[in-house]
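Text of coords_23.cif, listed as mmCIF, C-alpha atoms and all ligand atoms:
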```cif
data_model
#
loop_
_atom_site.label_atom_id
_atom_site.label_comp_id
_atom_site.auth_asym_id
_atom_site.auth_seq_id
_atom_site.Cartn_x
_atom_site.Cartn_y
_atom_site.Cartn_z
CA MET A 1 18.87 2.62 8.49
CA SER A 2 19.11 6.14 7.15
CA THR A 3 16.47 8.01 5.20
CA VAL A 4 18.52 7.38 2.12
CA ASP A 5 18.63 3.60 2.29
CA SER A 6 15.01 3.39 3.28
CA GLN A 7 14.05 4.81 -0.10
CA GLN A 8 14.22 1.18 -1.20
CA ARG A 9 11.62 0.29 1.35
CA VAL A 10 8.03 -0.59 0.48
CA LEU A 11 5.13 -0.21 2.88
CA SER A 12 1.48 -1.06 2.48
CA GLY A 13 -1.50 -1.68 4.69
CA MET A 14 -4.85 -3.33 4.39
CA ARG A 15 -7.95 -2.81 6.49
CA PRO A 16 -9.35 -5.92 8.15
CA THR A 17 -12.88 -5.43 6.89
CA GLY A 18 -13.78 -8.93 5.73
CA ARG A 19 -12.78 -12.09 3.95
CA LEU A 20 -10.13 -11.65 1.28
CA HIS A 21 -11.33 -12.61 -2.17
CA LEU A 22 -10.11 -13.06 -5.73
CA GLY A 23 -10.22 -9.31 -6.30
CA HIS A 24 -7.70 -8.74 -3.48
CA TYR A 25 -5.59 -11.59 -4.74
CA ASN A 26 -5.39 -10.41 -8.34
CA GLY A 27 -5.33 -6.70 -7.55
CA VAL A 28 -3.09 -6.45 -4.51
CA LEU A 29 -1.61 -9.63 -3.13
CA LYS A 30 0.07 -10.94 -6.29
CA ASN A 31 1.83 -7.62 -6.41
CA TRP A 32 2.96 -7.85 -2.77
CA VAL A 33 4.34 -11.31 -3.37
CA LYS A 34 6.41 -9.96 -6.24
CA LEU A 35 7.56 -6.81 -4.42
CA GLN A 36 8.79 -8.71 -1.38
CA TYR A 37 11.61 -10.16 -3.48
CA GLU A 38 12.59 -6.80 -4.95
CA TYR A 39 12.43 -4.48 -1.94
CA GLU A 40 12.50 -4.49 1.82
CA CYS A 41 8.79 -4.80 2.53
CA PHE A 42 6.53 -3.94 5.46
CA PHE A 43 2.93 -5.10 5.24
CA PHE A 44 0.50 -4.40 8.02
CA VAL A 45 -3.08 -4.85 9.14
CA ALA A 46 -4.54 -1.36 9.41
CA ASP A 47 -6.81 -2.05 12.37
CA TRP A 48 -6.88 1.55 13.58
CA HIS A 49 -7.93 2.58 10.08
CA ALA A 50 -10.84 0.19 10.23
CA LEU A 51 -11.95 1.98 13.41
CA THR A 52 -12.30 5.27 11.55
CA THR A 53 -15.35 3.86 9.77
CA HIS A 54 -16.27 0.82 11.90
CA TYR A 55 -15.83 2.15 15.43
CA GLY A 56 -19.31 0.84 16.21
CA ASP A 57 -18.52 -2.78 15.37
CA SER A 58 -14.89 -3.18 16.29
CA ALA A 59 -15.50 -6.60 17.84
CA ILE A 60 -16.55 -7.97 14.46
CA PHE A 61 -13.49 -6.96 12.55
CA GLN A 62 -11.15 -8.19 15.29
CA GLU A 63 -11.71 -11.71 14.03
CA HIS A 64 -10.73 -10.58 10.54
CA VAL A 65 -7.26 -9.56 11.69
CA LEU A 66 -5.82 -13.03 12.11
CA ASN A 67 -7.77 -14.43 9.18
CA MET A 68 -6.47 -11.76 6.88
CA VAL A 69 -2.91 -12.55 7.80
CA ILE A 70 -3.61 -16.25 7.22
CA ASP A 71 -4.75 -15.34 3.72
CA TRP A 72 -1.60 -13.29 3.12
CA LEU A 73 0.56 -16.19 4.19
CA ALA A 74 -1.47 -18.70 2.19
CA VAL A 75 -0.99 -16.80 -1.08
CA GLY A 76 2.76 -16.61 -0.60
CA VAL A 77 3.50 -13.44 1.33
CA ASN A 78 6.64 -14.67 2.98
CA PRO A 79 7.55 -13.59 6.52
CA GLY A 80 11.17 -14.39 5.68
CA SER A 81 11.15 -11.70 2.99
CA SER A 82 8.79 -9.13 4.47
CA SER A 83 7.75 -7.92 7.91
CA LEU A 84 4.11 -8.52 8.73
CA PHE A 85 2.48 -6.79 11.66
CA VAL A 86 -0.62 -5.20 13.13
CA GLN A 87 -0.75 -1.41 13.27
CA SER A 88 -2.05 -1.17 16.83
CA LYS A 89 0.97 -3.15 18.06
CA VAL A 90 3.26 -0.34 16.95
CA PRO A 91 2.12 2.67 18.97
CA GLU A 92 4.72 4.90 17.32
CA HIS A 93 2.25 5.31 14.44
CA ALA A 94 -0.08 7.05 16.88
CA GLU A 95 2.59 9.30 18.32
CA LEU A 96 3.69 10.44 14.89
CA HIS A 97 0.06 10.97 13.89
CA LEU A 98 -0.44 13.20 16.93
CA LEU A 99 2.69 15.22 16.28
CA LEU A 100 1.89 15.65 12.58
CA SER A 101 -1.63 16.76 13.45
CA MET A 102 -0.13 19.85 15.08
CA LEU A 103 1.20 21.15 11.79
CA THR A 104 -1.32 19.84 9.28
CA PRO A 105 -3.82 22.46 8.12
CA GLN A 106 -7.38 21.23 8.49
CA GLY A 107 -8.17 22.25 4.91
CA TRP A 108 -5.65 19.75 3.56
CA LEU A 109 -7.71 16.97 5.12
CA GLU A 110 -11.09 18.37 4.15
CA ARG A 111 -9.95 18.54 0.54
CA VAL A 112 -8.89 14.87 0.30
CA PRO A 113 -11.39 13.49 -2.25
CA SER A 114 -12.24 10.34 -0.27
CA TYR A 115 -13.43 12.46 2.67
CA LYS A 116 -16.70 13.72 1.17
CA ASP A 117 -17.09 10.65 -1.09
CA GLN A 118 -17.00 8.17 1.72
CA GLN A 119 -19.17 10.29 3.98
CA GLU A 120 -21.81 10.26 1.26
CA LYS A 121 -21.37 6.61 0.40
CA LEU A 122 -21.53 5.48 4.00
CA SER A 123 -24.27 7.91 4.89
CA GLU A 124 -25.87 5.47 7.32
CA LYS A 125 -22.84 5.93 9.58
CA GLU A 126 -22.00 8.97 11.62
CA LEU A 127 -18.68 9.91 10.00
CA ASP A 128 -18.56 13.48 11.08
CA THR A 129 -15.81 12.50 13.45
CA TYR A 130 -12.37 13.78 14.21
CA GLY A 131 -10.86 10.34 13.53
CA PHE A 132 -12.44 10.02 10.12
CA LEU A 133 -11.26 13.46 9.04
CA GLY A 134 -7.78 12.60 10.27
CA TYR A 135 -7.53 9.18 8.69
CA PRO A 136 -5.40 10.21 5.70
CA LEU A 137 -3.02 11.77 8.19
CA LEU A 138 -2.87 8.52 10.11
CA GLN A 139 -1.98 6.90 6.81
CA ALA A 140 0.72 9.53 6.31
CA ALA A 141 2.11 8.63 9.72
CA ASP A 142 2.05 4.92 8.79
CA ILE A 143 4.22 5.66 5.79
CA LEU A 144 6.53 8.30 7.23
CA ILE A 145 7.30 6.37 10.40
CA TYR A 146 9.18 3.85 8.20
CA ARG A 147 10.56 6.46 5.82
CA ALA A 148 9.23 4.24 3.08
CA GLY A 149 10.22 5.12 -0.47
CA TYR A 150 7.36 3.32 -2.20
CA VAL A 151 3.75 2.71 -1.35
CA PRO A 152 1.79 0.28 -3.51
CA VAL A 153 -1.78 1.56 -3.60
CA GLY A 154 -4.83 1.60 -5.81
CA ALA A 155 -5.91 4.73 -7.67
CA ASP A 156 -8.27 5.72 -4.84
CA GLN A 157 -5.34 6.06 -2.44
CA VAL A 158 -2.96 8.11 -4.56
CA ALA A 159 -4.28 11.35 -3.06
CA HIS A 160 -3.30 10.03 0.38
CA VAL A 161 0.28 9.45 -0.69
CA GLU A 162 0.30 12.93 -2.18
CA LEU A 163 -0.88 14.33 1.17
CA THR A 164 1.88 12.33 2.85
CA ARG A 165 4.45 14.04 0.64
CA GLU A 166 3.08 17.46 1.47
CA VAL A 167 3.08 16.76 5.18
CA ALA A 168 6.67 15.47 5.03
CA ARG A 169 7.74 18.55 3.13
CA ARG A 170 6.04 20.85 5.61
CA PHE A 171 7.60 19.01 8.52
CA ASN A 172 11.08 19.17 6.99
CA HIS A 173 10.57 22.81 6.19
CA ILE A 174 9.57 23.73 9.73
CA TYR A 175 11.87 21.45 11.71
CA GLY A 176 14.70 20.72 9.32
CA ARG A 177 16.19 24.14 9.87
CA GLU A 178 18.57 23.13 12.57
CA HIS A 179 20.67 25.87 14.06
CA GLY A 180 23.67 26.45 11.78
CA PHE A 181 22.28 24.23 9.00
CA GLU A 182 24.13 26.00 6.20
CA GLU A 183 27.53 25.86 7.95
CA ASN A 184 26.99 22.23 8.89
CA ALA A 185 26.06 21.42 5.31
CA LEU A 186 29.10 23.20 3.91
CA ALA A 187 31.36 21.38 6.36
CA ALA A 188 29.77 18.11 5.26
CA VAL A 189 30.44 18.97 1.60
CA ARG A 190 34.14 19.31 2.39
CA LYS A 191 34.18 15.89 4.02
CA MET A 192 33.29 14.29 0.70
CA GLY A 193 36.70 15.00 -0.80
CA LYS A 194 37.60 17.55 -3.45
CA LYS A 195 36.32 15.84 -6.55
CA SER A 196 32.95 14.83 -5.19
CA ALA A 197 32.55 18.16 -3.44
CA ARG A 198 33.05 20.04 -6.68
CA LEU A 199 30.63 17.81 -8.54
CA TYR A 200 28.05 18.15 -5.74
CA ALA A 201 28.30 21.94 -5.87
CA GLN A 202 27.84 21.98 -9.65
CA LEU A 203 24.84 19.68 -9.54
CA ARG A 204 23.28 21.68 -6.72
CA THR A 205 23.62 24.90 -8.71
CA ALA A 206 22.21 23.25 -11.84
CA TYR A 207 19.19 22.07 -9.92
CA GLN A 208 18.55 25.14 -7.86
CA GLU A 209 19.20 27.71 -10.58
CA GLN A 210 17.93 25.91 -13.66
CA GLY A 211 15.57 23.37 -12.11
CA ASP A 212 17.57 20.60 -13.78
CA HIS A 213 15.99 17.42 -12.42
CA GLU A 214 18.60 15.18 -13.90
CA ALA A 215 21.20 17.08 -11.90
CA LEU A 216 19.13 16.50 -8.76
CA GLU A 217 19.05 12.77 -9.42
CA LYS A 218 22.77 12.67 -10.16
CA GLY A 219 23.42 14.57 -6.95
CA GLN A 220 21.32 12.10 -4.97
CA ALA A 221 23.16 9.19 -6.56
CA LEU A 222 26.46 10.83 -5.71
CA LEU A 223 25.43 11.11 -2.06
CA LYS A 224 24.35 7.50 -1.93
CA GLU A 225 27.82 6.46 -3.05
CA GLN A 226 29.67 8.42 -0.37
CA GLN A 227 31.34 6.16 2.15
CA ASN A 228 33.07 8.69 4.33
CA ILE A 229 30.23 10.78 5.66
CA SER A 230 27.95 10.12 8.59
CA ILE A 231 24.24 9.45 8.25
CA GLY A 232 23.43 12.86 9.72
CA ASP A 233 25.68 14.62 7.23
CA ARG A 234 24.24 12.65 4.37
CA GLU A 235 20.72 13.70 5.27
CA ARG A 236 21.85 17.29 5.64
CA LEU A 237 23.37 17.12 2.17
CA PHE A 238 20.21 15.68 0.69
CA GLY A 239 18.28 18.64 2.07
CA PHE A 240 20.94 21.14 1.05
CA LEU A 241 20.91 19.75 -2.50
CA GLU A 242 17.18 20.28 -2.82
CA GLY A 243 17.24 23.65 -1.16
CA SER A 244 15.26 22.54 1.87
CA GLY A 245 16.57 21.96 5.35
CA LYS A 246 17.71 18.65 6.73
CA MET A 247 15.51 15.87 5.45
CA ILE A 248 14.00 14.23 8.52
CA LEU A 249 10.97 12.61 6.93
CA ALA A 250 11.29 11.11 3.48
CA GLU A 251 8.76 11.80 0.73
CA PRO A 252 7.34 8.55 -0.58
CA GLN A 253 6.08 7.71 -4.06
CA SER A 254 3.03 5.71 -4.96
CA LEU A 255 3.48 2.50 -6.86
CA LEU A 256 0.16 2.49 -8.62
CA THR A 257 -1.39 -0.96 -8.58
CA LYS A 258 -3.27 -1.60 -11.79
CA ALA A 259 -6.93 -2.12 -11.06
CA SER A 260 -7.75 -5.79 -11.24
CA LYS A 261 -9.74 -6.67 -14.34
CA MET A 262 -11.56 -9.25 -12.29
CA PRO A 263 -15.15 -8.23 -11.73
CA GLY A 264 -17.47 -9.72 -9.17
CA LEU A 265 -19.94 -12.42 -10.06
CA ASP A 266 -22.41 -9.75 -11.17
CA GLY A 267 -19.98 -7.75 -13.30
CA GLN A 268 -19.58 -4.94 -10.75
CA LYS A 269 -16.33 -4.55 -8.83
CA MET A 270 -15.75 -7.59 -6.58
CA SER A 271 -16.44 -6.34 -3.09
CA ASN A 272 -17.54 -7.73 0.27
CA SER A 273 -20.27 -5.12 0.38
CA TYR A 274 -21.89 -6.26 -2.90
CA ASP A 275 -22.21 -9.95 -2.08
CA ASN A 276 -20.54 -10.89 -5.37
CA ILE A 277 -17.27 -12.38 -4.19
CA ILE A 278 -15.38 -15.62 -4.41
CA SER A 279 -13.41 -15.68 -1.20
CA LEU A 280 -9.98 -17.27 -1.09
CA ARG A 281 -11.25 -19.89 1.29
CA GLU A 282 -14.56 -20.57 -0.45
CA PRO A 283 -15.17 -24.36 -0.52
CA LEU A 284 -14.34 -25.53 -4.05
CA GLU A 285 -17.82 -26.97 -4.72
CA GLU A 286 -19.20 -23.58 -3.84
CA VAL A 287 -16.76 -21.92 -6.24
CA GLU A 288 -17.99 -24.17 -9.00
CA ASN A 289 -21.58 -23.47 -8.10
CA LYS A 290 -21.06 -19.69 -7.98
CA ILE A 291 -19.37 -19.57 -11.37
CA ALA A 292 -21.89 -21.92 -12.95
CA THR A 293 -24.74 -19.66 -11.88
CA MET A 294 -23.11 -16.32 -12.51
CA GLN A 295 -24.62 -13.82 -14.92
CA THR A 296 -23.80 -13.90 -18.64
CA ASP A 297 -24.73 -11.66 -21.55
CA PRO A 298 -28.50 -11.13 -20.99
CA ALA A 299 -29.05 -11.41 -24.77
CA ARG A 300 -28.25 -15.13 -24.60
CA VAL A 301 -31.54 -16.43 -23.35
CA ARG A 302 -31.39 -19.61 -25.39
CA LEU A 303 -28.42 -21.60 -26.54
CA THR A 304 -29.17 -20.53 -30.11
CA ASP A 305 -29.01 -16.78 -29.29
CA PRO A 306 -25.61 -15.33 -30.18
CA GLY A 307 -23.89 -13.28 -27.47
CA ASP A 308 -21.26 -10.62 -27.04
CA PRO A 309 -18.37 -11.34 -24.64
CA GLU A 310 -17.94 -7.61 -24.04
CA LYS A 311 -21.29 -7.63 -22.29
CA CYS A 312 -20.49 -10.63 -20.15
CA PRO A 313 -18.64 -10.75 -16.81
CA VAL A 314 -17.48 -14.29 -17.63
CA TRP A 315 -15.35 -12.82 -20.41
CA GLN A 316 -13.47 -10.71 -17.89
CA PHE A 317 -12.65 -13.84 -15.99
CA HIS A 318 -11.29 -15.30 -19.24
CA GLN A 319 -9.09 -12.24 -19.64
CA ASN A 320 -7.55 -12.99 -16.27
CA TYR A 321 -7.30 -16.75 -16.55
CA SER A 322 -7.36 -18.01 -20.13
CA SER A 323 -4.81 -18.58 -22.89
CA GLU A 324 -5.11 -16.79 -26.23
CA GLU A 325 -6.39 -19.98 -27.72
CA THR A 326 -9.21 -20.33 -25.23
CA LYS A 327 -10.10 -16.66 -25.61
CA THR A 328 -10.43 -17.05 -29.38
CA TRP A 329 -12.63 -20.08 -28.79
CA VAL A 330 -14.83 -18.01 -26.48
CA ILE A 331 -15.21 -15.07 -28.85
CA GLU A 332 -16.02 -17.22 -31.84
CA GLY A 333 -18.24 -19.64 -29.96
CA CYS A 334 -20.15 -16.88 -28.16
CA LYS A 335 -20.79 -14.71 -31.21
CA SER A 336 -21.88 -17.63 -33.36
CA ALA A 337 -23.88 -19.34 -30.62
CA GLY A 338 -21.57 -22.29 -31.17
CA ILE A 339 -20.90 -22.90 -27.45
CA GLY A 340 -23.14 -22.83 -24.44
CA CYS A 341 -22.48 -20.54 -21.47
CA LEU A 342 -21.87 -23.42 -19.12
CA GLU A 343 -19.35 -24.84 -21.57
CA CYS A 344 -17.72 -21.42 -21.76
CA LYS A 345 -17.47 -21.27 -17.97
CA LYS A 346 -15.82 -24.65 -17.64
CA PRO A 347 -12.23 -23.44 -18.22
CA ILE A 348 -12.83 -20.67 -15.66
CA ILE A 349 -14.08 -23.12 -13.08
CA ASP A 350 -10.99 -25.24 -13.70
CA ALA A 351 -8.60 -22.31 -13.53
CA VAL A 352 -10.06 -20.75 -10.40
CA THR A 353 -10.27 -24.01 -8.51
CA ALA A 354 -6.72 -24.87 -9.55
CA GLU A 355 -5.58 -21.48 -8.28
CA LEU A 356 -7.43 -21.74 -4.99
CA GLU A 357 -6.63 -25.32 -4.12
CA PRO A 358 -3.00 -24.83 -3.04
CA ILE A 359 -3.91 -21.56 -1.29
CA GLN A 360 -6.56 -23.36 0.72
CA LYS A 361 -4.17 -26.13 1.64
CA GLU A 362 -1.71 -23.59 2.99
CA ALA A 363 -4.43 -21.68 4.82
CA ALA A 364 -5.63 -24.89 6.48
CA GLN A 365 -2.19 -25.41 8.02
CA TYR A 366 -2.25 -21.97 9.60
CA GLU A 367 -5.86 -22.32 10.70
CA LYS A 368 -4.86 -25.44 12.56
CA ASP A 369 -2.03 -23.67 14.28
CA PRO A 370 -2.82 -19.97 14.71
CA ASP A 371 0.03 -19.63 17.21
CA ILE A 372 2.43 -19.73 14.27
CA VAL A 373 0.61 -16.74 12.83
CA ARG A 374 0.77 -14.92 16.15
CA SER A 375 4.49 -15.47 16.40
CA ILE A 376 5.02 -14.27 12.82
CA LEU A 377 3.16 -11.09 13.75
CA ALA A 378 5.10 -10.68 16.98
CA GLU A 379 8.36 -10.94 15.11
CA GLY A 380 7.19 -8.58 12.38
CA SER A 381 6.07 -6.01 14.96
CA GLU A 382 9.46 -6.14 16.58
CA THR A 383 11.26 -5.40 13.32
CA ALA A 384 8.77 -2.67 12.52
CA ARG A 385 9.10 -1.08 15.95
CA GLU A 386 12.84 -0.94 15.79
CA SER A 387 12.61 1.12 12.68
CA ALA A 388 9.68 3.21 13.90
CA LYS A 389 11.46 4.07 17.15
CA LYS A 390 14.41 5.44 15.28
CA THR A 391 12.20 7.80 13.28
CA ILE A 392 10.17 8.93 16.27
CA GLN A 393 13.42 9.69 18.09
CA ASP A 394 14.60 11.88 15.21
CA VAL A 395 11.21 13.57 15.05
CA ARG A 396 11.18 14.34 18.77
CA GLU A 397 14.66 15.74 18.56
CA ALA A 398 13.86 17.87 15.52
CA MET A 399 10.82 19.28 17.33
CA GLY A 400 12.83 20.00 20.44
CA LEU A 401 11.02 17.42 22.53
CA ASN A 402 12.91 15.12 24.90
CA THR A 403 16.06 17.10 24.72
CA TRP A 404 16.47 17.56 28.46
N1 LIG A 501 -6.08 3.44 3.65
C1 LIG A 501 -5.75 2.17 3.03
C2 LIG A 501 -7.02 1.53 2.49
O1 LIG A 501 -8.09 1.91 2.89
C3 LIG A 501 -5.07 1.25 3.98
C4 LIG A 501 -3.82 1.84 4.53
C5 LIG A 501 -3.66 2.36 5.77
C6 LIG A 501 -2.59 2.01 3.85
N2 LIG A 501 -2.38 2.83 5.94
C7 LIG A 501 -1.71 2.63 4.77
C8 LIG A 501 -2.15 1.70 2.57
C9 LIG A 501 -0.41 2.97 4.42
C10 LIG A 501 -0.85 2.05 2.22
C11 LIG A 501 0.01 2.66 3.15
O2 LIG A 501 -6.92 0.65 1.68
FE1 LIG A 502 -20.57 -15.04 -21.66
FE2 LIG A 502 -19.30 -17.16 -22.56
FE3 LIG A 502 -21.98 -17.14 -22.48
FE4 LIG A 502 -20.69 -15.63 -24.23
S1 LIG A 502 -20.70 -17.85 -24.14
S2 LIG A 502 -22.39 -14.98 -22.94
S3 LIG A 502 -18.84 -15.05 -23.05
S4 LIG A 502 -20.57 -17.07 -20.74
#
```

Written as structure tokens, how would this file's structure read?
Amino acid sequence: MSTVDSQQRVLSGMRPTGRLHLGHYNGVLKNWVKLQYEYECFFFVADWHALTTHYGDSAIFQEHVLNMVIDWLAVGVNPGSSSLFVQSKVPEHAELHLLLSMLTPQGWLERVPSYKDQQEKLSEKELDTYGFLGYPLLQAADILIYRAGYVPVGADQVAHVELTREVARRFNHIYGREHGFEENALAAVRKMGKKSARLYAQLRTAYQEQGDHEALEKGQALLKEQQNISIGDRERLFGFLEGSGKMILAEPQSLLTKASKMPGLDGQKMSNSYDNIISLREPLEEVENKIATMQTDPARVRLTDPGDPEKCPVWQFHQNYSSEETKTWVIEGCKSAGIGCLECKKPIIDAVTAELEPIQKEAAQYEKDPDIVRSILAEGSETARESAKKTIQDVREAMGLNTW
């Protein structure tokens, strides 16, 4: 697949750092399930990424790898529509990371906001390591190795996709200047036929001289339509249009995932490190118990005390799970002390258990037969590797490696 086609490709990864919970489901996984039917999707377990912060307890998170994939499958991530794999099974990520590290200024990595933040947050760990500094670059390699066009990420990861774009641009700038690029590009223009060639030239001038972005997009669309030119020529013409060299690595865009409105049981963000989660495989009685005992508006000490849903984490669950009608019932009943908190929680208990029940049934099938999961991952890795090998080959060639 050429760089051009792969712009319709989506890639995302998740670290295997614990049990998946309702926050992952509502924030990330529902989105993956939708995307897999709209794009060519690659989803992977970022086990090397987990090592950047958990190198001291790698044995623990190993068991999360398979379990996480079971959760993906149980919620409807479909191996027929997306490729699922484990990062460490595709060593090309590491080779690209190494090669990119040669041209990435250290300051770019030191300035990534998560670098200092995480070091402070996880101050009990020694994170003054080479691997931790380099982790956004490893992420860049993950993305660029598939020439993915779109990367669904949360707000905290947007800076990493931005870094990825900068690294790709720098790479293309340094290595995309093949000998005789301009002549090759002009020869490729002629191969498009007179009409298209003229249009291409006009659009290129409009973009390069007036910065007309619409012209750039039209030019890119024109190139996508061309049937008679080779993949190499097409990529040359993409670069020539933009004024760079040949485009070897494609710049991805973030698909910003809306933060899930679902809080944890205590109203903070649902997170394995806060002990406030409902995991996807939580026994249903336990789900009921956890919701029944979760915090409510502290002003409602007695049934007769009116409350304010805005101050209550249960209300945020209603916003995720309840109909307009139920929500009106909650607001009125809470403010007038007309309903009790347990009564208010009942529809949530019903909705969450109804949501989890089929997921747990699916998960149980895979738990019983983990070999199915292993073979899904083996197949996914194979598809991923095929694509990764093609990119690494182009990268080696562009850098003048392996040419003898
Ligand atoms: N860094 C991401 C996280 O911590 C996980 C990740 C690794 C990722 N490689 C990626 C996400 C590539 C998107 C694309 O959540
Ligand atoms: Fe929260 Fe509902 Fe109780 Fe109001 S009635 S405090 S919204 S649980």

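For the atom pair formed by atom O1 of ligand LIG 501 (chain A) and atom CA of A:Arg15, the distance is 5.9 Å, given to one decimal.
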
Box in all listed atoms of ligand LIG 501 (chain A), axis-aligned, with 4 Å more on each side; write out centre and edge lengths in Å to one decimal as JSON.
```
{"center_x": -4.0, "center_y": 2.0, "center_z": 3.8, "size_x": 16.1, "size_y": 10.8, "size_z": 12.3}
```

Residue contacts of A:Pro91 (10 Å, only C-alpha atoms) excluding same-chain residues fewer than 5 positions away, as a compact mmCIF listing (two decimals) with C-alpha atoms, in the coordinates of the input:
```txt
# COMPACT_ATOMS: atom_id res chain seq x y z
CA LEU A 96 3.69 10.44 14.89
CA HIS A 97 0.06 10.97 13.89
CA ARG A 385 9.10 -1.08 15.95
CA ALA A 388 9.68 3.21 13.90
CA LYS A 389 11.46 4.07 17.15
```

Atom CA of A:Gly134 and atom CA of A:Val153 are how many Å apart? 18.7 Å

Expected selection as a PyMOL selection string for ligand LIG 502 (chain A) within 8 Å, all atoms listed in the file: chain A and resi 295-300+306-315+330-331+333-335+337+339-345

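The coordinates place atom CA of A:Pro79 at 21.4 Å from atom C2 of ligand LIG 501 (chain A).
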
Contacts with ligand LIG 501 (chain A) at most 8 Å, only C-alpha atoms and all ligand atoms counted, listed as a VMD selection string: chain A and resid 11 to 15 45 to 46 49 135 to 136 138 to 140 142 to 143 151 to 154 157 160 to 161
